[in-house]
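Enquirer: I have a structure I would like to understand better, so I am pasting it below and will then ask my questions one at a time.
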Amino acid sequence: MTKTEKKIESKEKEEKKQKIKSEFIGDKVLTEVSDASKELYDQSRYGTLLDNGRLQLSLTEALYLMERNTIEVYKNKNKKINFEELSKKAKKMEPNFWVRFCVFKDIRNRGYIIKTALKFGADFRVYDRGVKPGEDHAKWIVYPVYESSTLTWYEFAAKNRVAHSTRKRLLLGVVDDENSVSYWEVRWMRP
């Protein structure tokens, strides 16, 4: 079998793979109870696995998985919503949503597990490659910012204190006009 034939076969398998049905409720997305949704959690740690077997996804995770053709999202159980509709709803709920999504997507595409970090006072926490939440602690806390936005020294110091107090490195994900992300890592050092 040639490389081209293998690529075509791989694409056909991917297209045949059934998408996980999910429901948009309030500010989150809940998947159906299925082996595929459980595997999504077990393999890649998307969302939070609930006691009833459903997977609860943040809007950021749901939009990312929609873009990757992994899930289908429905509103009111029968009205399918598309990427643009979910994106629009998320932007209404969270003013900084698109910047957060760009950073989330970039980090996931680089092979890292990224989770929310609200309890730490940050947007996200990122685990080193090969590390899953629960096995070890996150290495970074991430603050997504738009390149033209400004931070005061007080805001910067507060973010740095949060990172230091949680024993994580501070990572600023800077999103430009083309939705490309650059990262700036900040660490405490003793001279």
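In the structure tokens, chains take the letters A, B, ... in the order shown, each chain's residues start at 1, and ligands count up from 1 in the order shown.
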Quick one: everything within 12 Å of Ser87 in chain A, counting only C-alpha atoms, minus sequence neighbours fewer than 2 positions away in the same chain. Send it as a ChimeraX atom specification.
Expert: /A:24,27,59-64,66-67,73,81-85,89-102
Enquirer: Given the selection you just returned, output its residues as a file containing N, CA and C atoms, formatted as a compact mmCIF listing (two decimals), in the first residue's frame.
Expert:
# COMPACT_ATOMS: atom_id res chain seq x y z
N PHE A 24 -25.50 21.65 24.85
CA PHE A 24 -25.12 22.96 25.36
C PHE A 24 -26.12 23.38 26.42
N ASP A 27 -23.48 27.50 30.68
CA ASP A 27 -22.10 27.89 30.36
C ASP A 27 -21.19 26.67 30.19
N LEU A 59 -16.64 25.68 27.73
CA LEU A 59 -16.93 26.17 26.38
C LEU A 59 -15.67 26.16 25.52
N THR A 60 -14.53 26.42 26.12
CA THR A 60 -13.27 26.41 25.40
C THR A 60 -12.97 25.01 24.88
N GLU A 61 -13.10 24.02 25.75
CA GLU A 61 -12.85 22.63 25.35
C GLU A 61 -13.85 22.20 24.27
N ALA A 62 -15.11 22.54 24.47
CA ALA A 62 -16.15 22.14 23.52
C ALA A 62 -15.89 22.74 22.14
N LEU A 63 -15.54 24.01 22.08
CA LEU A 63 -15.29 24.65 20.79
C LEU A 63 -14.08 24.02 20.11
N TYR A 64 -13.06 23.72 20.88
CA TYR A 64 -11.86 23.07 20.34
C TYR A 64 -12.20 21.69 19.78
N MET A 66 -15.13 20.68 18.80
CA MET A 66 -15.99 20.86 17.63
C MET A 66 -15.13 21.11 16.40
N GLU A 67 -14.14 21.97 16.56
CA GLU A 67 -13.25 22.30 15.45
C GLU A 67 -12.49 21.06 14.95
N VAL A 73 -22.57 19.47 18.94
CA VAL A 73 -23.25 20.13 20.05
C VAL A 73 -24.67 20.48 19.65
N ILE A 81 -26.03 22.99 16.82
CA ILE A 81 -25.41 24.30 16.63
C ILE A 81 -24.01 24.10 16.06
N ASN A 82 -23.57 25.06 15.25
CA ASN A 82 -22.27 24.93 14.60
C ASN A 82 -21.20 25.72 15.37
N PHE A 83 -19.98 25.65 14.85
CA PHE A 83 -18.82 26.29 15.47
C PHE A 83 -19.05 27.78 15.68
N GLU A 84 -19.55 28.47 14.65
CA GLU A 84 -19.75 29.92 14.74
C GLU A 84 -20.79 30.29 15.80
N GLU A 85 -21.87 29.52 15.87
CA GLU A 85 -22.92 29.80 16.86
C GLU A 85 -22.39 29.62 18.28
N LYS A 89 -21.92 32.57 21.17
CA LYS A 89 -22.52 32.47 22.50
C LYS A 89 -21.44 32.58 23.59
N ALA A 90 -20.31 31.92 23.36
CA ALA A 90 -19.22 31.95 24.34
C ALA A 90 -18.65 33.36 24.47
N LYS A 91 -18.52 34.07 23.36
CA LYS A 91 -17.99 35.45 23.40
C LYS A 91 -18.91 36.38 24.17
N LYS A 92 -20.23 36.12 24.09
CA LYS A 92 -21.19 36.93 24.85
C LYS A 92 -21.04 36.69 26.35
N MET A 93 -20.78 35.43 26.72
CA MET A 93 -20.66 35.07 28.14
C MET A 93 -19.32 35.48 28.74
N GLU A 94 -18.26 35.37 27.95
CA GLU A 94 -16.91 35.66 28.43
C GLU A 94 -16.27 36.67 27.48
N PRO A 95 -16.08 37.91 27.92
CA PRO A 95 -15.54 38.94 27.04
C PRO A 95 -14.16 38.60 26.46
N ASN A 96 -13.33 37.89 27.18
CA ASN A 96 -11.97 37.56 26.76
C ASN A 96 -11.91 36.15 26.13
N PHE A 97 -13.06 35.63 25.71
CA PHE A 97 -13.13 34.24 25.28
C PHE A 97 -12.21 33.92 24.11
N TRP A 98 -12.20 34.74 23.06
CA TRP A 98 -11.45 34.38 21.87
C TRP A 98 -9.95 34.30 22.15
N VAL A 99 -9.44 35.21 22.96
CA VAL A 99 -8.01 35.19 23.33
C VAL A 99 -7.73 33.92 24.12
N ARG A 100 -8.62 33.58 25.05
CA ARG A 100 -8.45 32.36 25.83
C ARG A 100 -8.49 31.13 24.92
N PHE A 101 -9.41 31.11 23.96
CA PHE A 101 -9.53 29.98 23.04
C PHE A 101 -8.26 29.81 22.20
N CYS A 102 -7.72 30.91 21.71
CA CYS A 102 -6.49 30.85 20.88
C CYS A 102 -5.34 30.23 21.67
Enquirer: Based on the backbone DSSP call, show me all residues of range 16-176 of chain A assigned strand (DSSP E or B), as a PyMOL selection string.
Expert: chain A and resi 20-25+28-31+48-49+55-58+71-75+79-81+113-116+124-127+133+136+140-146+169-175
Enquirer: When you look at Ile20 in chain A with a cut-off of 10 Å (counting only C-alpha atoms), what residues show up, excluding the ones that are within fewer than 2 positions of it in the same chain? I need them as number ranges by chain.
Expert: A: 17-18, 22, 31-37, 40, 65-66, 69-73
Enquirer: Now that the selection is made, can you save its residues with C-alpha atoms as a PDB file, in the first residue's frame?
Expert:
ATOM      1  CA  LYS A  17     -15.709   7.719  13.362  1.00  0.00           C
ATOM      2  CA  GLN A  18     -18.881   8.877  15.023  1.00  0.00           C
ATOM      3  CA  SER A  22     -23.198  16.779  23.380  1.00  0.00           C
ATOM      4  CA  THR A  31     -21.567  14.827  26.452  1.00  0.00           C
ATOM      5  CA  GLU A  32     -23.701  11.750  26.103  1.00  0.00           C
ATOM      6  CA  VAL A  33     -22.832   8.725  28.215  1.00  0.00           C
ATOM      7  CA  SER A  34     -20.639   6.667  25.907  1.00  0.00           C
ATOM      8  CA  ASP A  35     -17.378   4.791  25.676  1.00  0.00           C
ATOM      9  CA  ALA A  36     -16.090   7.491  23.318  1.00  0.00           C
ATOM     10  CA  SER A  37     -16.665  10.289  25.838  1.00  0.00           C
ATOM     11  CA  LEU A  40     -11.841  11.267  25.579  1.00  0.00           C
ATOM     12  CA  LEU A  65     -13.353  19.577  20.075  1.00  0.00           C
ATOM     13  CA  MET A  66     -15.991  20.855  17.626  1.00  0.00           C
ATOM     14  CA  ASN A  69     -14.770  17.146  14.497  1.00  0.00           C
ATOM     15  CA  THR A  70     -14.790  15.127  17.718  1.00  0.00           C
ATOM     16  CA  ILE A  71     -18.127  16.317  19.117  1.00  0.00           C
ATOM     17  CA  GLU A  72     -21.473  17.601  17.856  1.00  0.00           C
ATOM     18  CA  VAL A  73     -23.248  20.131  20.055  1.00  0.00           C
TER      19      VAL A  73
END
Enquirer: Given only C-alpha atoms as the basis, pick out the residue of A:Lys80, A:Arg45, A:Lys75, A:Arg68 nearest to Lys115 in chain A.
Expert: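 Residue with the minimum atom-to-atom distance to Lys115 in chain A: A:Arg45.
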Enquirer: Between CA of Ile107 in chain A and CA of Lys139 in chain A, what distance in Å does the model show, to one decimal?
Expert: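 Distance between the two atoms: 13.1 Å.
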Enquirer: Need to verify the contact set: Gly130 in chain A, 10 Å, only C-alpha atoms, exclusion of same-chain residues closer than 6 positions in sequence. Can you return it as an NGL selection string?
Expert: :A and (111-113)
Enquirer: Extract, using only C-alpha atoms, all DNA, RNA and protein residues at most 7 Å from Val145 in chain A, discarding same-chain residues fewer than 6 positions from it, and format them as a ChimeraX atom specification.
Expert: /A:99,172-175
Enquirer: Mind dumping the selected residues with C-alpha atoms as a PDB file, in the first residue's frame?
Expert:
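Everything below was put into part_39.pdb:
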ATOM      1  CA  VAL A  99      -8.014  35.191  23.330  1.00  0.00           C
ATOM      2  CA  LEU A 172       1.771  34.773  29.536  1.00  0.00           C
ATOM      3  CA  GLY A 173       0.147  33.674  26.266  1.00  0.00           C
ATOM      4  CA  VAL A 174       0.226  36.720  23.995  1.00  0.00           C
ATOM      5  CA  VAL A 175      -2.208  36.568  21.059  1.00  0.00           C
TER       6      VAL A 175
END
Enquirer: Considering only C-alpha atoms, can you say which of A:Glu39, A:Glu147, A:Tyr154, A:Thr166 comes closest to Arg125 in chain A?
Expert: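 Comparing A:Glu39, A:Glu147, A:Tyr154, A:Thr166 against Arg125 in chain A, the winner is A:Thr166.
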Enquirer: Just asking: which residues within range 16-109 of chain A are helix (DSSP H, G or I) according to DSSP, as a count of residues only?
Expert: 44
Enquirer: Can you pull out the residues contacting Trp140 in chain A? Cut-off 7 Å, using only C-alpha atoms, and skip same-chain residues under 3 positions away; I want them as a list in words.
Expert: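 In the requested format, the answer is Arg125, Val126, Tyr127, Lys168, Arg169, Leu170 and Leu171 of chain A.
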Enquirer: Please produce an output containing N, CA and C atoms for each residue in the selection, written as a short mmCIF file (atom, residue, chain, number, x, y, z; two decimals), in the first residue's frame.
Expert:
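Full text of out15.cif as output:
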data_model
loop_
_atom_site.label_atom_id
_atom_site.label_comp_id
_atom_site.auth_asym_id
_atom_site.auth_seq_id
_atom_site.Cartn_x
_atom_site.Cartn_y
_atom_site.Cartn_z
N ARG A 125 -4.18 26.11 33.80
CA ARG A 125 -2.97 25.46 34.30
C ARG A 125 -2.55 24.47 33.23
N VAL A 126 -1.24 24.31 33.06
CA VAL A 126 -0.72 23.46 31.99
C VAL A 126 0.21 22.43 32.59
N TYR A 127 0.01 21.19 32.17
CA TYR A 127 0.83 20.08 32.63
C TYR A 127 1.91 19.80 31.61
N LYS A 168 4.10 27.29 40.78
CA LYS A 168 4.05 27.08 39.34
C LYS A 168 4.76 28.23 38.65
N ARG A 169 5.11 28.01 37.42
CA ARG A 169 5.73 29.07 36.64
C ARG A 169 4.64 29.88 35.96
N LEU A 170 4.87 31.17 35.83
CA LEU A 170 3.91 32.06 35.18
C LEU A 170 4.19 32.07 33.69
N LEU A 171 3.14 31.83 32.90
CA LEU A 171 3.25 31.85 31.46
C LEU A 171 2.22 32.83 30.92
#
Enquirer: When you count only C-alpha atoms, which of these residues is closest to Pro133 in chain A: A:Ile114, A:Gly26, A:His164, A:Ala157?
Expert: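 Of the candidates, the smallest distance to Pro133 in chain A is held by A:Ile114.
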